[in-house]
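Note: the block below is my_file-v9.tsv and it holds TSV, C-alpha atoms.
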chain	number	residue	atom	x	y	z
A	515	MET	CA	0.00	0.00	0.00
A	516	ASP	CA	1.31	3.44	-0.96
A	517	THR	CA	0.13	6.92	-0.22
A	518	LEU	CA	-0.11	9.88	-2.55
A	519	THR	CA	-0.14	13.40	-1.21
A	520	ILE	CA	-2.53	15.54	-3.22
A	521	ASN	CA	-3.76	18.94	-2.03
A	522	ASN	CA	-2.33	18.13	1.40
A	523	ALA	CA	-4.47	15.00	1.63
A	524	GLU	CA	-2.91	11.58	2.11
A	525	ILE	CA	-4.53	9.32	-0.46
A	526	LYS	CA	-4.27	5.58	-0.05
A	527	VAL	CA	-3.47	3.90	-3.36
A	528	ASN	CA	-2.33	0.49	-4.52
A	529	GLU	CA	0.97	-0.20	-6.26
A	530	GLU	CA	-0.52	0.86	-9.62
A	531	GLY	CA	-1.82	4.14	-8.25
A	532	TYR	CA	-5.52	3.28	-7.99
A	533	PHE	CA	-7.43	4.52	-4.94
A	534	THR	CA	-8.03	1.84	-2.35
A	535	ASP	CA	-10.60	4.00	-0.58
A	536	PRO	CA	-12.93	5.66	-3.13
A	537	SER	CA	-14.44	7.86	-0.41
A	538	GLN	CA	-11.19	9.84	-0.29
A	539	TRP	CA	-11.96	11.21	-3.76
A	540	ASN	CA	-13.18	14.70	-4.62
A	541	GLU	CA	-13.17	16.84	-7.76
A	542	ASP	CA	-10.11	18.85	-6.76
A	543	ILE	CA	-8.13	15.68	-6.25
A	544	ALA	CA	-9.35	14.46	-9.65
A	545	ILE	CA	-8.01	17.63	-11.28
A	546	GLU	CA	-4.57	16.96	-9.79
A	547	MET	CA	-4.69	13.25	-10.69
A	548	ALA	CA	-5.62	14.16	-14.28
A	549	LYS	CA	-2.73	16.62	-14.55
A	550	GLN	CA	-0.34	13.73	-13.93
A	551	GLN	CA	-1.84	12.09	-17.03
A	552	ASN	CA	-1.61	15.38	-18.97
A	553	ILE	CA	-5.38	15.73	-19.05
A	554	ASP	CA	-7.20	19.01	-18.38
A	555	LEU	CA	-10.56	18.00	-16.98
A	556	SER	CA	-13.61	19.50	-18.70
A	557	GLU	CA	-17.29	19.27	-17.81
A	558	LYS	CA	-17.52	16.22	-20.06
A	559	HIS	CA	-14.65	14.52	-18.23
A	560	PHE	CA	-16.41	15.08	-14.92
A	561	GLU	CA	-19.66	13.68	-16.26
A	562	VAL	CA	-17.79	10.50	-17.19
A	563	LEU	CA	-16.00	10.36	-13.83
A	564	HIS	CA	-19.27	10.68	-11.92
A	565	PHE	CA	-20.89	8.07	-14.12
A	566	LEU	CA	-18.05	5.65	-13.36
A	567	ARG	CA	-18.25	6.34	-9.64
A	568	ASN	CA	-22.01	5.86	-9.59
A	569	LYS	CA	-21.77	2.57	-11.47
A	570	TYR	CA	-18.98	1.44	-9.18
A	571	ALA	CA	-21.11	2.28	-6.14
A	572	GLU	CA	-23.95	0.24	-7.67
A	573	GLU	CA	-21.45	-2.61	-8.13
A	574	VAL	CA	-21.99	-2.68	-11.90
A	575	PRO	CA	-18.91	-4.13	-13.67
A	576	LEU	CA	-17.51	-1.38	-15.88
A	577	THR	CA	-16.64	-1.78	-19.54
A	578	ILE	CA	-15.84	0.64	-22.33
A	579	ARG	CA	-19.08	-0.46	-23.96
A	580	LYS	CA	-21.10	0.62	-20.91
A	581	VAL	CA	-19.52	4.05	-20.98
A	582	GLY	CA	-20.31	4.21	-24.71
A	583	LYS	CA	-23.95	3.52	-23.94
A	584	SER	CA	-24.10	5.96	-21.03
A	585	GLY	CA	-25.48	8.79	-23.16
A	586	ILE	CA	-22.60	10.99	-21.99
A	587	VAL	CA	-20.00	10.11	-24.60
A	588	ASP	CA	-19.71	7.61	-27.41
A	589	ILE	CA	-16.72	5.28	-27.51
A	590	LYS	CA	-14.76	7.47	-29.88
A	591	GLU	CA	-15.14	10.50	-27.60
A	592	PHE	CA	-14.25	8.38	-24.59
A	593	TYR	CA	-10.92	7.40	-26.21
A	594	LYS	CA	-10.32	11.09	-27.03
A	595	LEU	CA	-11.06	12.29	-23.49
A	596	PHE	CA	-8.76	9.77	-21.85
A	597	PRO	CA	-6.09	8.82	-24.41
A	598	GLY	CA	-3.94	5.74	-23.90
A	599	GLY	CA	-6.39	3.34	-22.29
A	600	PRO	CA	-9.63	5.18	-21.55
A	601	LEU	CA	-11.26	2.96	-18.95
A	602	LYS	CA	-8.08	2.38	-16.96
A	603	ILE	CA	-7.09	6.02	-16.91
A	604	SER	CA	-10.57	7.37	-16.20
A	605	SER	CA	-11.03	4.86	-13.38
A	606	LYS	CA	-7.76	5.97	-11.82
A	607	ILE	CA	-8.80	9.62	-11.99
A	608	ALA	CA	-12.29	8.73	-10.72
A	609	GLY	CA	-10.76	7.20	-7.61
A	610	ILE	CA	-12.14	3.73	-8.13
A	611	PRO	CA	-10.30	0.39	-8.51
A	612	LYS	CA	-8.89	-0.75	-11.84
A	613	PRO	CA	-11.63	-2.41	-13.90
A	614	VAL	CA	-11.10	-6.13	-14.37
A	615	SER	CA	-13.20	-6.69	-17.50
A	616	CYS	CA	-11.70	-8.04	-20.75
A	617	VAL	CA	-14.21	-6.15	-22.90
B	919	MET	CA	20.98	-29.55	-11.47
B	920	GLU	CA	20.87	-26.67	-9.03
B	921	ASP	CA	23.46	-24.76	-11.00
B	922	VAL	CA	21.39	-24.99	-14.16
B	923	LYS	CA	18.33	-23.62	-12.42
B	924	GLU	CA	20.24	-20.72	-11.02
B	925	MET	CA	21.73	-19.83	-14.38
B	926	THR	CA	18.34	-19.91	-16.06
B	927	ALA	CA	16.79	-17.77	-13.35
B	928	ASN	CA	19.55	-15.20	-13.67
B	929	LYS	CA	19.07	-15.01	-17.39
B	930	VAL	CA	15.35	-14.43	-17.02
B	931	VAL	CA	15.94	-11.64	-14.54
B	932	ALA	CA	18.54	-10.05	-16.77
B	933	LYS	CA	16.15	-9.88	-19.72
B	934	GLU	CA	14.84	-6.43	-20.41
B	935	LYS	CA	11.08	-6.09	-20.37
B	936	LYS	CA	9.88	-4.74	-23.69
B	937	GLU	CA	6.52	-3.15	-24.10
B	938	VAL	CA	3.95	-4.54	-26.53
B	939	LYS	CA	3.08	-1.52	-28.64
B	940	LYS	CA	1.08	-2.91	-31.50
B	941	ILE	CA	-1.01	-6.03	-32.01
B	942	MET	CA	-1.66	-7.39	-35.46
B	943	VAL	CA	-4.40	-9.99	-35.32
B	944	ILE	CA	-4.77	-12.29	-38.31
B	945	CYS	CA	-7.99	-14.26	-38.35
B	946	ALA	CA	-8.41	-17.07	-40.87
B	947	ARG	CA	-11.38	-18.74	-39.23
B	948	GLY	CA	-15.07	-18.04	-39.28
B	949	THR	CA	-16.40	-19.80	-36.20
B	950	LEU	CA	-17.98	-17.78	-33.44
B	951	GLU	CA	-15.32	-18.56	-30.85
B	952	ASP	CA	-12.36	-17.86	-33.11
B	953	VAL	CA	-13.74	-14.57	-34.35
B	954	TYR	CA	-14.52	-13.46	-30.79
B	955	ALA	CA	-11.00	-14.39	-29.69
B	956	ALA	CA	-9.67	-12.11	-32.43
B	957	LEU	CA	-12.06	-9.28	-31.55
B	958	ILE	CA	-11.41	-9.44	-27.82
B	959	MET	CA	-7.64	-9.41	-28.28
B	960	ALA	CA	-7.71	-6.47	-30.68
B	961	ASN	CA	-10.18	-4.49	-28.58
B	962	GLY	CA	-8.28	-5.36	-25.40
B	963	ALA	CA	-5.08	-3.98	-26.92
B	964	LEU	CA	-6.81	-0.68	-27.73
B	965	ALA	CA	-8.26	-0.50	-24.22
B	966	GLU	CA	-4.71	-0.83	-22.87
B	967	GLY	CA	-3.54	2.05	-25.02
B	968	LYS	CA	-1.85	-0.10	-27.66
B	969	GLU	CA	-2.30	0.01	-31.42
B	970	ALA	CA	-4.41	-2.75	-32.99
B	971	LYS	CA	-4.87	-3.88	-36.57
B	972	MET	CA	-6.89	-6.80	-37.86
B	973	PHE	CA	-6.46	-8.80	-41.04
B	974	PHE	CA	-9.16	-11.26	-42.10
B	975	THR	CA	-8.51	-14.02	-44.57
B	976	PHE	CA	-10.18	-17.23	-45.80
B	977	PHE	CA	-13.16	-18.19	-43.65
B	978	GLY	CA	-12.30	-15.27	-41.39
B	979	LEU	CA	-13.88	-13.12	-44.11
B	980	ASP	CA	-17.28	-14.27	-42.81
B	981	ALA	CA	-16.69	-12.10	-39.75
B	982	ILE	CA	-16.53	-8.95	-41.86
B	983	THR	CA	-19.10	-9.89	-44.52
B	984	LYS	CA	-22.28	-7.85	-44.01
B	985	LYS	CA	-24.66	-10.76	-44.47
B	986	LYS	CA	-22.76	-13.15	-42.23
B	987	ALA	CA	-21.06	-11.16	-39.46
B	988	ASP	CA	-23.88	-11.37	-36.93
B	989	HIS	CA	-24.78	-14.94	-37.84
B	990	LEU	CA	-21.58	-16.81	-37.05
B	991	HIS	CA	-21.87	-20.30	-35.62
B	992	THR	CA	-19.86	-22.47	-33.31
B	993	ALA	CA	-19.21	-26.00	-34.56
B	994	THR	CA	-21.25	-28.66	-32.78
B	995	VAL	CA	-19.75	-31.44	-34.88
B	996	GLY	CA	-16.03	-32.11	-34.95
B	997	ASN	CA	-15.59	-30.07	-31.81
B	998	PRO	CA	-14.80	-32.45	-28.94
B	999	ALA	CA	-14.79	-29.63	-26.39
B	1000	PHE	CA	-18.41	-28.82	-27.15
B	1001	MET	CA	-20.79	-30.53	-24.67
B	1002	ARG	CA	-18.55	-33.45	-23.78
B	1003	GLY	CA	-20.37	-36.73	-24.22
B	1004	LEU	CA	-22.80	-35.38	-26.81
B	1005	PRO	CA	-23.06	-37.95	-29.62
B	1006	THR	CA	-21.79	-36.52	-32.91
B	1007	MET	CA	-25.06	-37.44	-34.62
B	1008	ILE	CA	-27.06	-35.30	-32.18
B	1009	GLY	CA	-24.72	-32.38	-32.80
B	1010	GLY	CA	-25.46	-32.82	-36.49
B	1011	LEU	CA	-29.26	-32.64	-36.20
B	1012	PRO	CA	-30.82	-29.85	-38.27
B	1013	GLY	CA	-30.99	-26.63	-36.26
B	1014	PHE	CA	-28.79	-27.90	-33.45
B	1015	GLU	CA	-25.82	-25.76	-34.37
B	1016	ALA	CA	-27.99	-22.65	-34.73
B	1017	LEU	CA	-29.55	-23.29	-31.32
B	1018	ALA	CA	-26.20	-23.84	-29.62
B	1019	SER	CA	-24.79	-20.71	-31.26
B	1020	SER	CA	-27.71	-18.54	-30.22
B	1021	MET	CA	-27.42	-19.81	-26.66
B	1022	MET	CA	-23.74	-18.90	-26.62
B	1023	LYS	CA	-24.56	-15.42	-27.91
B	1024	LYS	CA	-27.07	-14.93	-25.11
B	1025	GLU	CA	-24.48	-15.88	-22.50
B	1026	MET	CA	-22.01	-13.46	-24.06
B	1027	GLU	CA	-24.52	-10.60	-24.02
B	1028	LYS	CA	-24.84	-11.12	-20.26
B	1029	LEU	CA	-21.11	-10.45	-19.95
B	1030	ASP	CA	-21.48	-7.25	-21.98
B	1031	ILE	CA	-19.75	-8.81	-25.00
B	1032	PRO	CA	-21.27	-7.06	-28.01
B	1033	PRO	CA	-22.51	-8.67	-31.24
B	1034	VAL	CA	-19.84	-8.97	-33.93
B	1035	THR	CA	-20.77	-5.88	-35.97
B	1036	GLU	CA	-21.00	-3.72	-32.84
B	1037	PHE	CA	-17.63	-5.04	-31.73
B	1038	PHE	CA	-16.11	-3.82	-35.01
B	1039	GLU	CA	-17.70	-0.40	-34.44
B	1040	MET	CA	-16.06	-0.31	-31.00
B	1041	ILE	CA	-12.69	-1.28	-32.41
B	1042	GLU	CA	-12.89	1.38	-35.10
B	1043	ALA	CA	-13.97	3.97	-32.52
B	1044	GLY	CA	-10.93	3.03	-30.47
B	1045	GLY	CA	-8.61	3.68	-33.39
B	1046	GLY	CA	-8.26	0.08	-34.57
B	1047	GLU	CA	-8.05	-0.72	-38.27
B	1048	ILE	CA	-9.67	-3.63	-40.08
B	1049	PHE	CA	-8.53	-5.14	-43.37
B	1050	ALA	CA	-9.58	-7.94	-45.71
B	1051	CYS	CA	-7.18	-10.24	-47.54
B	1052	LYS	CA	-7.18	-9.62	-51.28
B	1053	LEU	CA	-6.44	-13.17	-52.32
B	1054	ALA	CA	-9.22	-14.63	-50.18
B	1055	ALA	CA	-11.68	-11.90	-51.22
B	1056	ASP	CA	-10.95	-12.69	-54.90
B	1057	MET	CA	-11.35	-16.38	-54.23
B	1058	PHE	CA	-14.76	-15.94	-52.59
B	1059	HIS	CA	-15.79	-13.25	-55.12
B	1060	LEU	CA	-16.21	-10.62	-52.42
B	1061	LYS	CA	-15.93	-6.89	-53.04
B	1062	LYS	CA	-15.55	-3.89	-50.74
B	1063	GLU	CA	-19.33	-3.34	-50.74
B	1064	ASP	CA	-19.89	-6.87	-49.43
B	1065	PHE	CA	-17.96	-6.01	-46.28
B	1066	ILE	CA	-19.07	-4.08	-43.21
B	1067	PRO	CA	-18.22	-0.35	-43.42
B	1068	GLU	CA	-15.44	-0.64	-40.81
B	1069	VAL	CA	-13.29	-2.57	-43.30
B	1070	LYS	CA	-10.75	0.01	-44.35
B	1071	ASP	CA	-9.32	-1.74	-47.37
B	1072	ILE	CA	-8.68	-4.98	-49.18
B	1073	ILE	CA	-4.93	-5.56	-49.07
B	1074	THR	CA	-2.22	-8.01	-50.05
B	1075	VAL	CA	-0.09	-9.96	-47.62
B	1076	GLY	CA	2.78	-7.58	-48.38
B	1077	GLN	CA	0.71	-4.58	-47.36
B	1078	MET	CA	-0.32	-6.43	-44.23
B	1079	TYR	CA	3.35	-6.81	-43.25
B	1080	GLU	CA	3.87	-3.11	-43.89
B	1081	LEU	CA	1.10	-2.38	-41.40
B	1082	ALA	CA	2.85	-4.57	-38.85
B	1083	GLU	CA	6.11	-2.67	-39.15
B	1084	GLY	CA	7.65	-1.05	-36.13
B	1085	GLU	CA	9.23	-1.98	-32.85
B	1086	GLY	CA	7.05	-3.75	-30.32
B	1087	THR	CA	4.60	-5.28	-32.80
B	1088	HIS	CA	3.20	-8.67	-31.95
B	1089	MET	CA	1.36	-10.81	-34.45
B	1090	VAL	CA	-1.39	-13.15	-33.39
B	1091	PHE	CA	-2.69	-15.78	-35.77
B	1092	ILE	CA	-6.12	-17.29	-35.26
Could you write out this file's structure as structure tokens?
Amino acid sequence: MDTLTINNAEIKVNEEGYFTDPSQWNEDIAIEMAKQQNIDLSEKHFEVLHFLRNKYAEEVPLTIRKVGKSGIVDIKEFYKLFPGGPLKISSKIAGIPKPVSCV
Amino acid sequence: MEDVKEMTANKVVAKEKKEVKKIMVICARGTLEDVYAALIMANGALAEGKEAKMFFTFFGLDAITKKKADHLHTATVGNPAFMRGLPTMIGGLPGFEALASSMMKKEMEKLDIPPVTEFFEMIEAGGGEIFACKLAADMFHLKKEDFIPEVKDIITVGQMYELAEGEGTHMVFI
């Protein structure tokens, strides 16, 4: 277990940098997390992040396809918003564990 | 014996880990399970931030042919892993293969695995590229308009190798 210090808060993360306690997340922390991935968070990004967090809270397994059907973004936009592995990167910024799905 | 083990272990440790940057999936088969294996590997590569290209040849062309893509079957005859103990003659009954295939598709939908044509849309949206083999297309008398719109081009084997160029490319043959 590692800790990240963001905005003076000690965030508990696993060895890959995913939050181990999603309740430690807030939007300001997300902005800082996103900067490390060279992403400037827009309204659209936040909509996706909240969607992911809600689904995670409902214990729905997350896939890229689900995000594509969310009505927030289509799959193409999702890849554009979070380049280089959209679901992994967005989940990290959203403060939820790494998704385990193969689709 | 112990010395050998130690030497091997040291060699493994000393090896530099090299990143997989691009996946080139070649699919020559048209059964449901083979086509899905190809789709899942290509899509999975994109989801991990890698490049993915797909090349369909021979019976694999069924996967990208408009009329056939969403109607692929799994073999119920000549497939010993399918329902172990099922007599071959039962597997060969009319309609049995269609029934088994539709049941498999239902199970896949539960796991959020999309139908074949939607899967290709996802792969294209993720930046993946899909190609048909020229020789096989000629052999089966298939033209660009017979293929789903995600098929970028009909290319030769030489062009396929050009697409695979670059460091960190891995080729997967199905």
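Omitting Ile525 in chain A and its sequence neighbours fewer than 2 positions away, and counting all atoms listed in the file, the residues within 12 Å are A:Met515, A:Asp516, A:Thr517, A:Leu518, A:Thr519, A:Ile520, A:Asn521, A:Asn522, A:Ala523, A:Val527, A:Asn528, A:Gly531, A:Tyr532, A:Phe533, A:Thr534, A:Asp535, A:Pro536, A:Ser537, A:Gln538, A:Trp539, A:Asn540, A:Ile543, A:Ala544, A:Met547, A:Gly609.
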Which of these residues is nearest to chain A, using only C-alpha atoms: B:Asp1064, B:Glu937, B:Glu969, B:Glu1083? B:Glu969
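Between CA of Lys1062 in chain B and CA of Ile944 in chain B the interatomic distance comes to 18.5 Å.
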I'd like the contact shell of range 574-576 of chain A - 10 Å cut-off, only C-alpha atoms, skipping same-chain residues fewer than 2 positions apart - returned as number ranges by chain. A: 566-572, 578-581, 601, 605, 612-615, 617; B: 1029-1030
Correct to one decimal, the distance CA of Glu530 in chain A-CA of Tyr593 in chain A is 20.6 Å
Give the residues of chain A that lie within 6 Å of chain B; count all atoms listed in the file, and format the answer as a JSON list (two decimals) with C-alpha atoms, keeping the file's coordinate frame.
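Output saved as result-v8.json:
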[["chain", "number", "residue", "atom", "x", "y", "z"],
["A", 589, "ILE", "CA", -16.72, 5.28, -27.51],
["A", 590, "LYS", "CA", -14.76, 7.47, -29.88],
["A", 598, "GLY", "CA", -3.94, 5.74, -23.90],
["A", 599, "GLY", "CA", -6.39, 3.34, -22.29]]
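Between CA of Ile603 in chain A and CA of Phe565 in chain A there is a distance of 14.2 Å.
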Quick one: residues within 9 Å of Gln551 in chain A, all atoms listed in the file, excluding same-chain residues fewer than 2 positions away - as a ChimeraX atom specification? /A:547-549,553-554,596,603,607
Which polymer residues have any atom within 12 Å of an atom of Glu951 in chain B, counting all atoms listed in the file, with same-chain residues fewer than 5 positions away left out, as a PyMOL selection string? chain B and resi 945+956-958+978+981+990-994+997+999-1000+1019+1022-1023+1026+1034+1092
Using all atoms listed in the file, which protein or nucleic acid residues come within 12 Å of Pro1067 in chain B? Drop anything in the same chain fewer than 5 positions from it, and give the result as a PyMOL selection string. chain B and resi 982-984+987+1035-1036+1038-1039+1042+1047-1050+1061-1062
Using only C-alpha atoms, what does the table of range 926-982 of chain B residues within 10 Å of range 1077-1080 of chain B look like, with each row giving the shortest atom pair and its distance in Å to one decimal, sorted by chain and ascending number, as JSON lines?
{"residue": "B:Met942", "atom": "CA", "partner": "B:Met1078", "partner_atom": "CA", "distance": 8.9}
{"residue": "B:Ile944", "atom": "CA", "partner": "B:Met1078", "partner_atom": "CA", "distance": 9.4}
{"residue": "B:Lys971", "atom": "CA", "partner": "B:Met1078", "partner_atom": "CA", "distance": 9.3}
{"residue": "B:Met972", "atom": "CA", "partner": "B:Met1078", "partner_atom": "CA", "distance": 9.2}
{"residue": "B:Phe973", "atom": "CA", "partner": "B:Met1078", "partner_atom": "CA", "distance": 7.3}
